[in-house]
>>> print(open('data.cif').read())   # mmCIF, C-alpha atoms and all ligand atoms
data_work
loop_
_atom_site.label_atom_id
_atom_site.label_comp_id
_atom_site.auth_asym_id
_atom_site.auth_seq_id
_atom_site.Cartn_x
_atom_site.Cartn_y
_atom_site.Cartn_z
CA MET U 1271 -26.06 22.73 4.68
CA ASN U 1272 -27.07 22.05 1.10
CA TYR U 1273 -27.40 18.27 0.99
CA ALA U 1274 -28.18 18.44 -2.72
CA ASN U 1275 -24.50 19.23 -3.41
CA LEU U 1276 -23.47 15.74 -2.42
CA SER U 1277 -23.09 13.36 -5.28
CA VAL U 1278 -25.16 10.22 -5.01
CA ALA U 1279 -24.69 6.99 -6.95
CA PRO U 1280 -26.14 7.73 -10.39
CA GLY U 1281 -27.87 4.36 -10.49
CA ALA U 1282 -29.19 4.70 -6.96
CA ARG U 1283 -32.76 5.48 -7.92
CA ALA U 1284 -32.83 3.21 -10.93
CA ALA U 1285 -31.80 0.29 -8.72
CA MET U 1286 -34.93 0.75 -6.61
CA PRO U 1287 -37.75 -1.31 -8.08
CA PRO U 1288 -40.84 0.63 -9.16
CA LEU U 1289 -43.57 0.38 -6.54
CA ALA U 1290 -45.76 -1.76 -8.76
CA ALA U 1291 -43.06 -4.35 -9.51
CA LYS U 1292 -43.09 -7.05 -6.87
CA VAL U 1293 -39.52 -8.00 -6.14
CA GLU U 1294 -38.97 -10.53 -3.38
CA PRO U 1295 -36.20 -9.49 -1.00
CA VAL U 1296 -33.24 -11.85 -1.14
CA LEU U 1297 -32.29 -10.93 2.43
CA ARG U 1298 -34.56 -10.39 5.42
CA VAL U 1299 -32.89 -9.68 8.73
CA SER U 1300 -35.22 -9.29 11.68
CA GLY U 1301 -34.92 -8.86 15.42
CA LEU U 1302 -31.21 -9.67 15.43
CA GLU U 1303 -29.69 -9.39 18.90
CA VAL U 1304 -26.11 -10.08 19.99
CA THR U 1305 -24.67 -9.70 23.48
CA TYR U 1306 -21.02 -9.90 24.55
CA TYR U 1307 -20.75 -11.28 28.08
CA THR U 1308 -17.56 -9.61 29.29
CA ASP U 1309 -15.97 -9.54 32.75
CA ALA U 1310 -16.98 -5.90 32.97
CA GLY U 1311 -20.63 -6.66 32.21
CA ARG U 1312 -23.05 -7.31 29.36
CA ALA U 1313 -22.61 -5.36 26.15
CA LYS U 1314 -25.61 -5.54 23.85
CA ALA U 1315 -23.81 -5.02 20.56
CA LEU U 1316 -26.90 -5.60 18.37
CA ASP U 1317 -30.33 -4.67 19.58
CA ASN U 1318 -33.40 -5.61 17.55
CA VAL U 1319 -31.80 -4.96 14.15
CA GLY U 1320 -33.86 -5.61 11.02
CA PHE U 1321 -33.90 -4.68 7.34
CA THR U 1322 -34.46 -6.21 3.93
CA LEU U 1323 -32.52 -6.09 0.67
CA ASN U 1324 -33.58 -6.98 -2.85
CA PRO U 1325 -31.39 -8.89 -5.30
CA GLY U 1326 -28.84 -6.57 -6.85
CA GLU U 1327 -29.17 -3.90 -4.16
CA LYS U 1328 -26.14 -2.45 -2.42
CA LEU U 1329 -26.38 -1.39 1.20
CA GLY U 1330 -23.82 0.82 2.92
CA MET U 1331 -23.63 0.22 6.66
CA VAL U 1332 -22.10 3.15 8.50
CA GLY U 1333 -21.63 4.28 12.09
CA GLU U 1334 -18.91 5.19 14.52
CA SER U 1335 -16.33 2.68 15.66
CA GLY U 1336 -17.95 0.24 18.09
CA SER U 1337 -21.50 0.83 16.83
CA GLY U 1338 -21.90 -2.85 15.89
CA LYS U 1339 -21.19 -3.00 12.16
CA SER U 1340 -18.74 -5.91 12.24
CA THR U 1341 -20.87 -7.67 14.84
CA MET U 1342 -23.75 -7.39 12.37
CA ALA U 1343 -21.70 -9.09 9.63
CA LEU U 1344 -20.41 -11.80 11.96
CA ALA U 1345 -23.90 -12.47 13.31
CA MET U 1346 -25.29 -12.84 9.80
CA MET U 1347 -22.54 -15.37 9.07
CA ARG U 1348 -23.12 -17.04 12.46
CA MET U 1349 -19.45 -16.45 13.22
CA ILE U 1350 -19.88 -14.65 16.57
CA LYS U 1351 -17.37 -16.11 19.02
CA ALA U 1352 -17.40 -16.20 22.84
CA PRO U 1353 -17.89 -14.08 24.86
CA GLY U 1354 -20.47 -13.04 22.26
CA ARG U 1355 -23.80 -14.79 21.74
CA ILE U 1356 -26.59 -14.43 19.19
CA GLU U 1357 -29.62 -14.09 21.44
CA ALA U 1358 -32.45 -13.70 18.93
CA GLY U 1359 -33.41 -12.95 15.39
CA SER U 1360 -33.55 -14.39 11.92
CA VAL U 1361 -31.44 -13.93 8.80
CA VAL U 1362 -33.37 -15.25 5.84
CA VAL U 1363 -31.40 -15.58 2.59
CA GLY U 1364 -33.42 -16.66 -0.43
CA GLY U 1365 -36.06 -18.22 1.81
CA THR U 1366 -33.66 -20.07 4.16
CA ASP U 1367 -33.32 -18.87 7.75
CA LEU U 1368 -29.60 -19.18 8.44
CA MET U 1369 -30.27 -19.09 12.19
CA ALA U 1370 -32.29 -22.29 11.92
CA LEU U 1371 -29.61 -24.32 10.09
CA ASP U 1372 -27.53 -26.94 11.87
CA SER U 1373 -23.78 -26.33 11.89
CA GLU U 1374 -23.18 -28.43 8.75
CA GLY U 1375 -25.98 -26.63 6.93
CA MET U 1376 -24.50 -23.29 7.96
CA ARG U 1377 -21.03 -24.35 6.85
CA LYS U 1378 -22.45 -25.08 3.40
CA ALA U 1379 -24.41 -21.81 3.35
CA ARG U 1380 -21.23 -19.78 3.89
CA LEU U 1381 -19.85 -18.86 0.46
CA SER U 1382 -22.72 -20.54 -1.38
CA LYS U 1383 -25.58 -18.41 0.00
CA ILE U 1384 -23.78 -15.66 1.87
CA ALA U 1385 -20.13 -14.63 1.53
CA TYR U 1386 -18.13 -12.49 3.90
CA ILE U 1387 -14.99 -10.56 3.06
CA PRO U 1388 -13.68 -9.62 6.51
CA GLN U 1389 -11.88 -6.45 7.49
CA GLY U 1390 -8.22 -6.74 6.49
CA ALA U 1391 -8.93 -9.90 4.43
CA MET U 1392 -6.20 -9.03 1.95
CA ASN U 1393 -3.61 -9.18 4.73
CA SER U 1394 -4.84 -12.58 5.82
CA LEU U 1395 -3.91 -14.35 2.59
CA ASN U 1396 -1.36 -17.05 3.36
CA PRO U 1397 2.02 -15.61 2.28
CA VAL U 1398 3.54 -18.99 1.44
CA MET U 1399 0.69 -20.37 -0.64
CA ARG U 1400 -0.07 -19.56 -4.24
CA ILE U 1401 -3.29 -17.62 -4.81
CA GLY U 1402 -4.80 -20.47 -6.81
CA ALA U 1403 -4.19 -23.01 -4.05
CA GLN U 1404 -5.82 -20.68 -1.52
CA MET U 1405 -8.83 -20.18 -3.75
CA MET U 1406 -9.21 -23.90 -4.34
CA ASP U 1407 -8.90 -24.61 -0.62
CA ALA U 1408 -11.72 -22.18 0.08
CA VAL U 1409 -14.24 -24.09 -2.04
CA LYS U 1410 -13.00 -27.69 -2.24
CA SER U 1411 -15.17 -28.94 0.60
CA HIS U 1412 -18.23 -27.25 -0.93
CA LEU U 1413 -17.80 -29.09 -4.23
CA PRO U 1414 -17.01 -32.70 -3.37
CA ARG U 1415 -18.26 -33.94 -6.75
CA GLU U 1416 -16.44 -31.39 -8.88
CA SER U 1417 -13.10 -32.43 -10.41
CA ARG U 1418 -9.88 -30.59 -9.58
CA GLY U 1419 -9.80 -29.26 -13.13
CA ALA U 1420 -13.34 -27.94 -12.90
CA ILE U 1421 -12.60 -26.22 -9.57
CA GLU U 1422 -9.45 -24.68 -11.05
CA ALA U 1423 -11.43 -23.42 -14.04
CA ARG U 1424 -14.00 -21.93 -11.65
CA CYS U 1425 -11.22 -20.11 -9.74
CA ARG U 1426 -9.66 -18.76 -12.94
CA ARG U 1427 -13.07 -17.50 -14.09
CA ALA U 1428 -13.54 -15.75 -10.74
CA LEU U 1429 -10.13 -14.05 -11.14
CA GLN U 1430 -11.16 -12.89 -14.59
CA SER U 1431 -14.43 -11.52 -13.30
CA VAL U 1432 -12.55 -9.26 -10.86
CA ASP U 1433 -10.32 -8.09 -13.73
CA LEU U 1434 -7.21 -9.98 -12.65
CA ASP U 1435 -4.96 -11.70 -15.11
CA PRO U 1436 -5.40 -15.51 -14.98
CA GLY U 1437 -1.62 -15.62 -14.27
CA VAL U 1438 -2.42 -14.40 -10.75
CA PHE U 1439 -3.55 -17.97 -10.06
CA ARG U 1440 0.08 -19.06 -9.82
CA MET U 1441 1.37 -16.03 -7.90
CA HIS U 1442 2.06 -15.51 -4.20
CA PRO U 1443 0.42 -12.65 -2.27
CA HIS U 1444 3.67 -10.65 -2.05
CA GLU U 1445 3.70 -10.35 -5.85
CA LEU U 1446 0.38 -8.47 -5.80
CA SER U 1447 -0.50 -4.86 -4.94
CA GLY U 1448 -3.01 -4.10 -2.18
CA GLY U 1449 -5.81 -3.53 -4.69
CA MET U 1450 -5.03 -6.81 -6.45
CA LYS U 1451 -5.06 -8.70 -3.15
CA GLN U 1452 -8.40 -7.17 -2.26
CA ARG U 1453 -9.73 -8.28 -5.65
CA VAL U 1454 -8.48 -11.81 -4.95
CA CYS U 1455 -10.53 -11.73 -1.73
CA ILE U 1456 -13.57 -10.60 -3.70
CA ALA U 1457 -12.94 -13.40 -6.21
CA ILE U 1458 -12.90 -15.94 -3.36
CA GLY U 1459 -16.15 -14.43 -2.07
CA ILE U 1460 -17.96 -15.00 -5.36
CA LEU U 1461 -16.64 -18.48 -6.19
CA LEU U 1462 -19.99 -20.08 -5.40
CA ASP U 1463 -22.27 -17.29 -6.67
CA PRO U 1464 -23.67 -16.28 -3.27
CA GLN U 1465 -26.95 -14.38 -3.05
CA VAL U 1466 -25.56 -12.00 -0.43
CA ILE U 1467 -22.02 -10.60 -0.19
CA ILE U 1468 -20.82 -8.73 2.89
CA ALA U 1469 -17.59 -6.75 2.60
CA ASP U 1470 -16.23 -5.21 5.81
CA GLU U 1471 -14.21 -2.06 5.05
CA PRO U 1472 -13.13 -3.40 1.63
CA THR U 1473 -11.27 -0.24 0.69
CA SER U 1474 -9.55 0.80 3.91
CA ALA U 1475 -5.75 1.10 3.53
CA LEU U 1476 -6.10 1.60 -0.24
CA ASP U 1477 -5.40 4.82 -2.13
CA VAL U 1478 -8.39 6.67 -3.56
CA VAL U 1479 -7.86 5.48 -7.14
CA THR U 1480 -7.59 1.86 -6.01
CA GLN U 1481 -10.59 2.36 -3.68
CA ARG U 1482 -12.70 3.33 -6.67
CA GLN U 1483 -11.43 0.38 -8.72
CA VAL U 1484 -12.26 -2.04 -5.91
CA MET U 1485 -15.74 -0.53 -5.55
CA GLU U 1486 -16.25 -0.84 -9.30
CA THR U 1487 -15.10 -4.45 -9.15
CA ILE U 1488 -17.67 -5.15 -6.42
CA ASP U 1489 -20.28 -3.48 -8.61
CA ASN U 1490 -19.37 -5.61 -11.62
CA VAL U 1491 -19.43 -8.92 -9.78
CA LYS U 1492 -22.67 -7.95 -8.06
CA ASN U 1493 -24.25 -7.28 -11.45
CA ALA U 1494 -22.90 -10.54 -12.85
CA ILE U 1495 -24.51 -12.71 -10.15
CA ASN U 1496 -27.35 -10.34 -9.09
CA ALA U 1497 -26.33 -10.61 -5.45
CA ALA U 1498 -27.26 -8.17 -2.71
CA VAL U 1499 -24.15 -6.48 -1.32
CA ILE U 1500 -23.54 -5.04 2.13
CA LEU U 1501 -20.58 -2.68 2.35
CA ILE U 1502 -19.43 -1.79 5.83
CA GLY U 1503 -17.43 1.38 6.20
CA HIS U 1504 -16.96 4.80 7.72
CA ASP U 1505 -16.63 6.76 4.50
CA MET U 1506 -20.06 8.27 3.82
CA GLY U 1507 -18.68 10.10 0.76
CA LEU U 1508 -17.48 6.90 -0.89
CA MET U 1509 -20.71 5.13 0.09
CA ALA U 1510 -22.78 7.90 -1.47
CA GLN U 1511 -21.31 7.09 -4.84
CA PHE U 1512 -21.71 3.34 -4.75
CA VAL U 1513 -24.66 2.19 -2.68
CA ASP U 1514 -28.44 2.20 -3.16
CA LYS U 1515 -29.41 2.15 0.51
CA VAL U 1516 -27.75 3.26 3.71
CA ALA U 1517 -28.06 1.78 7.21
CA VAL U 1518 -26.84 3.98 10.05
CA MET U 1519 -25.87 2.16 13.24
CA TYR U 1520 -25.54 3.77 16.65
CA ALA U 1521 -24.70 1.89 19.86
CA GLY U 1522 -25.92 -1.43 18.49
CA ARG U 1523 -29.15 -0.12 17.00
CA LEU U 1524 -30.14 0.58 13.43
CA VAL U 1525 -31.20 4.22 13.78
CA GLU U 1526 -31.99 4.91 10.14
CA PHE U 1527 -32.39 2.85 7.00
CA SER U 1528 -33.25 4.54 3.74
CA THR U 1529 -32.30 5.00 0.13
CA VAL U 1530 -29.00 6.78 -0.37
CA ARG U 1531 -30.78 9.70 -2.01
CA GLU U 1532 -33.20 10.16 0.91
CA MET U 1533 -30.35 9.78 3.38
CA PHE U 1534 -28.23 12.44 1.72
CA THR U 1535 -30.99 14.88 0.79
CA SER U 1536 -33.18 14.62 3.90
CA PRO U 1537 -31.65 12.56 6.70
CA LYS U 1538 -34.25 11.92 9.39
CA HIS U 1539 -32.41 10.75 12.48
CA PRO U 1540 -30.44 13.55 14.18
CA TYR U 1541 -27.38 11.28 14.27
CA ALA U 1542 -27.64 10.57 10.53
CA ARG U 1543 -28.05 14.31 9.96
CA ALA U 1544 -24.97 15.04 12.05
CA LEU U 1545 -22.95 12.38 10.18
CA ILE U 1546 -23.85 13.97 6.86
CA ASP U 1547 -23.25 17.50 8.16
CA SER U 1548 -19.76 16.43 9.17
CA LEU U 1549 -18.87 15.62 5.55
CA PRO U 1550 -16.75 18.26 3.86
CA ASN U 1551 -18.22 19.87 0.74
CA LEU U 1552 -17.88 23.11 -1.18
CA ASP U 1553 -20.42 24.92 1.04
CA ASN U 1554 -18.75 24.22 4.34
CA LYS U 1555 -15.15 24.39 3.13
CA GLY U 1556 -12.77 24.92 6.03
CA VAL U 1557 -15.46 24.44 8.69
CA PHE U 1558 -15.28 21.06 10.32
CA GLN U 1559 -18.55 20.10 11.96
CA GLY U 1560 -18.00 17.19 14.29
CA ILE U 1561 -20.60 15.43 16.42
CA PRO U 1562 -20.38 16.65 20.02
CA GLY U 1563 -19.58 14.13 22.74
CA LEU U 1564 -18.42 10.55 22.43
CA ALA U 1565 -20.11 7.32 21.45
CA PRO U 1566 -21.33 5.68 24.67
CA SER U 1567 -19.91 2.50 26.13
CA LEU U 1568 -22.29 -0.39 25.52
CA LEU U 1569 -21.76 -1.35 29.16
CA ARG U 1570 -23.23 1.94 30.36
CA LEU U 1571 -25.77 3.06 27.79
CA PRO U 1572 -27.66 6.27 28.52
CA SER U 1573 -31.30 5.75 29.50
CA GLY U 1574 -34.00 6.16 26.85
CA CYS U 1575 -32.46 6.84 23.46
CA ALA U 1576 -28.70 6.12 23.60
CA PHE U 1577 -28.04 9.16 21.39
CA HIS U 1578 -29.96 11.65 23.58
CA PRO U 1579 -26.94 13.18 25.41
CA ARG U 1580 -25.47 14.20 22.02
CA CYS U 1581 -28.69 15.03 20.22
CA SER U 1582 -29.49 18.58 19.13
CA SER U 1583 -33.23 17.76 18.98
CA VAL U 1584 -33.52 16.02 22.36
CA MET U 1585 -36.99 15.99 23.98
CA ASP U 1586 -38.12 14.83 27.43
CA ALA U 1587 -39.24 11.41 26.18
CA CYS U 1588 -35.78 10.74 24.73
CA ARG U 1589 -34.23 10.72 28.20
CA SER U 1590 -36.43 7.95 29.54
CA VAL U 1591 -38.23 6.08 26.75
CA ARG U 1592 -36.32 3.93 24.29
CA PRO U 1593 -37.55 4.62 20.75
CA GLU U 1594 -38.44 1.61 18.61
CA PRO U 1595 -37.72 1.35 14.86
CA ARG U 1596 -40.61 2.90 12.93
CA VAL U 1597 -41.32 2.41 9.24
CA LEU U 1598 -42.42 5.73 7.75
CA ALA U 1599 -44.89 6.11 4.89
CA SER U 1600 -42.04 6.37 2.39
CA GLY U 1601 -40.78 2.95 3.44
CA ARG U 1602 -37.67 4.19 5.20
CA SER U 1603 -37.13 3.22 8.80
CA VAL U 1604 -36.05 5.48 11.65
CA THR U 1605 -35.58 4.90 15.37
CA CYS U 1606 -36.30 8.30 16.91
CA HIS U 1607 -39.10 9.90 18.96
CA LEU U 1608 -39.25 12.83 16.54
CA TYR U 1609 -41.24 10.55 14.23
CA ASP U 1610 -43.51 8.91 16.83
CA SER U 1611 -46.61 10.32 15.13
CA GLU U 1612 -45.55 9.31 11.59
CA GLY U 1613 -45.79 6.03 9.76
N1 LIG U 1701 -14.88 -9.95 21.37
C1 LIG U 1701 -15.56 -9.01 22.01
N2 LIG U 1701 -15.66 -9.03 23.35
C2 LIG U 1701 -16.38 -8.08 24.00
N3 LIG U 1701 -17.04 -7.09 23.44
C3 LIG U 1701 -16.97 -7.01 22.10
C4 LIG U 1701 -16.22 -7.95 21.32
N4 LIG U 1701 -16.34 -7.61 20.02
C5 LIG U 1701 -17.12 -6.51 20.00
N5 LIG U 1701 -17.50 -6.15 21.23
C6 LIG U 1701 -18.39 -5.04 21.62
O1 LIG U 1701 -19.30 -4.85 20.54
C7 LIG U 1701 -19.31 -3.50 20.12
C8 LIG U 1701 -19.45 -3.44 18.63
O2 LIG U 1701 -18.22 -3.86 18.04
P1 LIG U 1701 -18.06 -3.97 16.47
O3 LIG U 1701 -16.68 -4.50 16.21
O4 LIG U 1701 -19.20 -4.71 15.91
O5 LIG U 1701 -18.16 -2.44 16.05
P2 LIG U 1701 -17.86 -1.75 14.64
O6 LIG U 1701 -18.97 -0.78 14.42
O7 LIG U 1701 -17.66 -2.79 13.60
O8 LIG U 1701 -16.51 -0.99 14.93
P3 LIG U 1701 -15.30 -0.65 13.91
O9 LIG U 1701 -15.83 0.38 12.97
O10 LIG U 1701 -14.25 -0.11 14.82
O11 LIG U 1701 -14.90 -1.93 13.24
C9 LIG U 1701 -18.02 -2.88 20.66
O12 LIG U 1701 -18.27 -1.58 21.10
C10 LIG U 1701 -17.67 -3.74 21.84
O13 LIG U 1701 -18.23 -3.16 23.00
#
>>> encode(input="data.cif", output="C-alpha cells", more="lines below")
Ligand SMILES: Nc1ncnc2c1ncn2[C@@H]1O[C@H](COP(=O)(O)OP(=O)(O)OP(=O)(O)O)[C@@H](O)[C@H]1O
Amino acid sequence: MNYANLSVAPGARAAMPPLAAKVEPVLRVSGLEVTYYTDAGRAKALDNVGFTLNPGEKLGMVGESGSGKSTMALAMMRMIKAPGRIEAGSVVVGGTDLMALDSEGMRKARLSKIAYIPQGAMNSLNPVMRIGAQMMDAVKSHLPRESRGAIEARCRRALQSVDLDPGVFRMHPHELSGGMKQRVCIAIGILLDPQVIIADEPTSALDVVTQRQVMETIDNVKNAINAAVILIGHDMGLMAQFVDKVAVMYAGRLVEFSTVREMFTSPKHPYARALIDSLPNLDNKGVFQGIPGLAPSLLRLPSGCAFHPRCSSVMDACRSVRPEPRVLASGRSVTCHLYDSEG
C-alpha cells in the first residue's frame, strides 16, 4: 500500500530536535518487566521494555488488546496491584528514578512528576461531588502549605487551560458532556505541572469531533507545561495526526519504536507493517486487511519471537530464538530478526 497517503501530524518532524541540539530526555524507561502471578500460571505482561522521550514529545502507544499498554502505564506509576509485580527496570523522570523512591516519595511524585489519566477516568468522577471539590481533593495533600484560596485558584486556572468555563468548578459531573468530563480529568492531571502525562485511551467513547477537541486540549496543555505525553490507544489513524513517536507493543514487548513519520512511511517490524496495512485509506477502499491469527496468551507464548506464527516474513531463527530490541542507525528501535545485521 501507499503509506505516503496517510496523514501524519504536521508538527511531527518539527518536534524532533535537530541532531546537533542536545536535548536531555525527560523520561527514560529501561528494562521494565512486570509479571502477573495468576492461578493459571505466570503472565509476563512487560518484558524488557525501554524507550526515552524528550520534553514536549508525544508518544502514541499502540497494540492489540492485552499487549501490555495499560500495564506499562500502571508500572510507570508504580500502581501495579497483586497478582502483578514489577520485577525489574527503571523509570527515570527528570533525573529521578521512580522505582527507587520510597512509597511516600512515590506518592508525591504522582501528579507532580508524572500524571496518569486512566482508561474511563471521566466515568470515575464522583457523581455527588462538585468538580471543584474533586479537583481540590486530588492535590490538597501535595500542597500542605498552600492556602485553600490558592489551591482553588490553581484549580480554576487548570480548568481554563483545558478550555472549560470557570463555572464548571461548581458543577456536578452529570451537568457536563463526555468531552467536558474528559477535559476535567486532563485538568486534574496537570494541576501540579507534571513532566510526564500518561493518558490511557483518552478519547474512547467520544464522538470524532469531541475526540479531536480532546486531543487538541492535550496538545495545548502539553505545550503550556512542556511535558512529555504518552497516549495509549488502538486508533492508529488518530495517533498519526497527534503524536511525534509511536511505540508498538506485542505480547508484552516493545516491537518497534520510531517517529510517527518513519512508522507510517516505512514500518520495520512485520507486526507494525500489518497494523498500518489494516488501516483503511483511499487506495485500499473496501478491502479490509486484517492480521491473520490471534494475539497469543501470555501464559503460553510461542517459542522464539511471539509474533512468528502470524508473521509473513518468518524465518527459521524466529521460531526458536527470541529477538532482542535493536537500535538501528536512524535511532529507531525494532525487535525483529530481520534487522539482526543492522544497527
Ligand atoms: N489483574 C491481572 N491479573 C492477571 N493478569 C493480568 C491482569 N492485568 C493484566 N493482566 C495480563 O496482562 C496482559 C496485558 O494487559 P493490559 O491491560 O496491560 O493490556 P492492554 O494492552 O492495555 O489491553 P487493552 O487494550 O485491552 O486495555 C493481559 O493480557 C493479561 O494477560
>>> residues_near_ligand(input="data.cif", ligand="ligand LIG 1701 (chain U)", cutoff="6 Å", atoms="only C-alpha atoms and all ligand atoms", output="list in words")
Tyr1306, Thr1308, Ala1313, Ala1315, Glu1334, Ser1335, Gly1336, Ser1337, Gly1338, Lys1339, Ser1340, Thr1341, Pro1353 and Leu1568 of chain U
>>> residues_around(input="data.cif", residues="segment 1587-1596 of chain U", least_positions_apart="6", cutoff="7 Å", atoms="all atoms listed in the file", output="JSON, numbers by chain")
{"U": [1573, 1574, 1575, 1578, 1603, 1604, 1605, 1606, 1607, 1613]}
>>> write_last_selection(input="data.cif", atoms="C-alpha atoms", output="mmCIF file, in the frame of the given file")
data_model
loop_
_atom_site.group_PDB
_atom_site.id
_atom_site.type_symbol
_atom_site.label_atom_id
_atom_site.label_comp_id
_atom_site.auth_asym_id
_atom_site.auth_seq_id
_atom_site.Cartn_x
_atom_site.Cartn_y
_atom_site.Cartn_z
ATOM 1 C CA SER U 1573 -31.300 5.750 29.500
ATOM 2 C CA GLY U 1574 -34.000 6.160 26.850
ATOM 3 C CA CYS U 1575 -32.460 6.840 23.460
ATOM 4 C CA HIS U 1578 -29.960 11.650 23.580
ATOM 5 C CA SER U 1603 -37.130 3.220 8.800
ATOM 6 C CA VAL U 1604 -36.050 5.480 11.650
ATOM 7 C CA THR U 1605 -35.580 4.900 15.370
ATOM 8 C CA CYS U 1606 -36.300 8.300 16.910
ATOM 9 C CA HIS U 1607 -39.100 9.900 18.960
ATOM 10 C CA GLY U 1613 -45.790 6.030 9.760
#
>>> closest_atom_pairs(input="data.cif", of="segment 1420-1439 of chain U", to="segment 1484-1495 of chain U", cutoff="9 Å", atoms="all atoms listed in the file", output="tab-separated table")
residue	atom	partner	partner_atom	distance
U:Ser1431	CA	U:Val1491	CA	6.6
U:Val1432	CA	U:Thr1487	CA	5.7
U:Asp1433	CA	U:Thr1487	CA	7.6
>>> atom_distance(input="data.cif", atom1="atom CA of Ser1474 of chain U", atom2="atom CA of Leu1302 of chain U")
26.7 Å
>>> residues_around(input="data.cif", residues="Asp1505 of chain U", least_positions_apart="5", cutoff="12 Å", atoms="all atoms listed in the file", output="PDB file with C-alpha atoms, in the coordinates of the input")
ATOM      1  CA  GLY U1330     -23.820   0.820   2.920  1.00  0.00           C
ATOM      2  CA  MET U1331     -23.630   0.220   6.660  1.00  0.00           C
ATOM      3  CA  VAL U1332     -22.100   3.150   8.500  1.00  0.00           C
ATOM      4  CA  GLY U1333     -21.630   4.280  12.090  1.00  0.00           C
ATOM      5  CA  GLU U1334     -18.910   5.190  14.520  1.00  0.00           C
ATOM      6  CA  SER U1335     -16.330   2.680  15.660  1.00  0.00           C
ATOM      7  CA  GLU U1471     -14.210  -2.060   5.050  1.00  0.00           C
ATOM      8  CA  PRO U1472     -13.130  -3.400   1.630  1.00  0.00           C
ATOM      9  CA  THR U1473     -11.270  -0.240   0.690  1.00  0.00           C
ATOM     10  CA  SER U1474      -9.550   0.800   3.910  1.00  0.00           C
ATOM     11  CA  VAL U1478      -8.390   6.670  -3.560  1.00  0.00           C
ATOM     12  CA  GLN U1481     -10.590   2.360  -3.680  1.00  0.00           C
ATOM     13  CA  ALA U1510     -22.780   7.900  -1.470  1.00  0.00           C
ATOM     14  CA  GLN U1511     -21.310   7.090  -4.840  1.00  0.00           C
ATOM     15  CA  PHE U1512     -21.710   3.340  -4.750  1.00  0.00           C
ATOM     16  CA  VAL U1513     -24.660   2.190  -2.680  1.00  0.00           C
ATOM     17  CA  VAL U1516     -27.750   3.260   3.710  1.00  0.00           C
ATOM     18  CA  VAL U1518     -26.840   3.980  10.050  1.00  0.00           C
ATOM     19  CA  LEU U1545     -22.950  12.380  10.180  1.00  0.00           C
ATOM     20  CA  ILE U1546     -23.850  13.970   6.860  1.00  0.00           C
ATOM     21  CA  SER U1548     -19.760  16.430   9.170  1.00  0.00           C
ATOM     22  CA  LEU U1549     -18.870  15.620   5.550  1.00  0.00           C
ATOM     23  CA  PRO U1550     -16.750  18.260   3.860  1.00  0.00           C
TER      24      PRO U1550
END
>>> closest_residue(input="data.cif", among="U:Leu1501, U:Met1376, U:Ala1475, U:Met1369", to="Gly1390 of chain U", atoms="all atoms listed in the file")
U:Ala1475
>>> residues_around(input="data.cif", residues="Ala1423 of chain U", least_positions_apart="3", cutoff="12 Å", atoms="all atoms listed in the file", output="list in words")
Gly1402, Met1405, Met1406, Glu1416, Ser1417, Arg1418, Gly1419, Ala1420, Arg1426, Arg1427, Ala1428, Leu1429, Gln1430, Pro1436, Phe1439 and Leu1461 of chain U
>>> atom_distance(input="data.cif", atom1="atom CA of Pro1562 of chain U", atom2="atom CA of Met1519 of chain U")
16.9 Å
>>> closest_residue(input="data.cif", among="U:Arg1602, U:Lys1383, U:His1442, U:Lys1538", to="Asn1396 of chain U", atoms="only C-alpha atoms")
U:His1442
>>> build_atoms(input="data.cif", residues="segment 1356-1367 of chain U", atoms="N, CA and C atoms", output="CSV table (one decimal), in the frame of the given file")
chain,number,residue,atom,x,y,z
U,1356,ILE,N,-25.4,-14.9,19.9
U,1356,ILE,CA,-26.6,-14.4,19.2
U,1356,ILE,C,-27.8,-14.8,20.1
U,1357,GLU,N,-28.5,-13.8,20.5
U,1357,GLU,CA,-29.6,-14.1,21.4
U,1357,GLU,C,-31.0,-14.3,20.7
U,1358,ALA,N,-31.1,-13.6,19.6
U,1358,ALA,CA,-32.4,-13.7,18.9
U,1358,ALA,C,-32.3,-13.2,17.5
U,1359,GLY,N,-33.3,-13.5,16.7
U,1359,GLY,CA,-33.4,-13.0,15.4
U,1359,GLY,C,-33.3,-14.0,14.3
U,1360,SER,N,-33.6,-13.5,13.1
U,1360,SER,CA,-33.6,-14.4,11.9
U,1360,SER,C,-32.8,-13.7,10.8
U,1361,VAL,N,-32.1,-14.5,10.0
U,1361,VAL,CA,-31.4,-13.9,8.8
U,1361,VAL,C,-31.8,-14.8,7.7
U,1362,VAL,N,-32.8,-14.4,6.9
U,1362,VAL,CA,-33.4,-15.2,5.8
U,1362,VAL,C,-32.8,-14.9,4.5
U,1363,VAL,N,-32.0,-15.8,3.9
U,1363,VAL,CA,-31.4,-15.6,2.6
U,1363,VAL,C,-32.1,-16.5,1.6
U,1364,GLY,N,-32.7,-15.9,0.6
U,1364,GLY,CA,-33.4,-16.7,-0.4
U,1364,GLY,C,-34.4,-17.7,0.2
U,1365,GLY,N,-35.1,-17.3,1.2
U,1365,GLY,CA,-36.1,-18.2,1.8
U,1365,GLY,C,-35.5,-19.1,2.9
U,1366,THR,N,-34.2,-19.2,3.1
U,1366,THR,CA,-33.7,-20.1,4.2
U,1366,THR,C,-33.2,-19.2,5.4
U,1367,ASP,N,-33.7,-19.6,6.5
U,1367,ASP,CA,-33.3,-18.9,7.8
U,1367,ASP,C,-32.0,-19.5,8.2
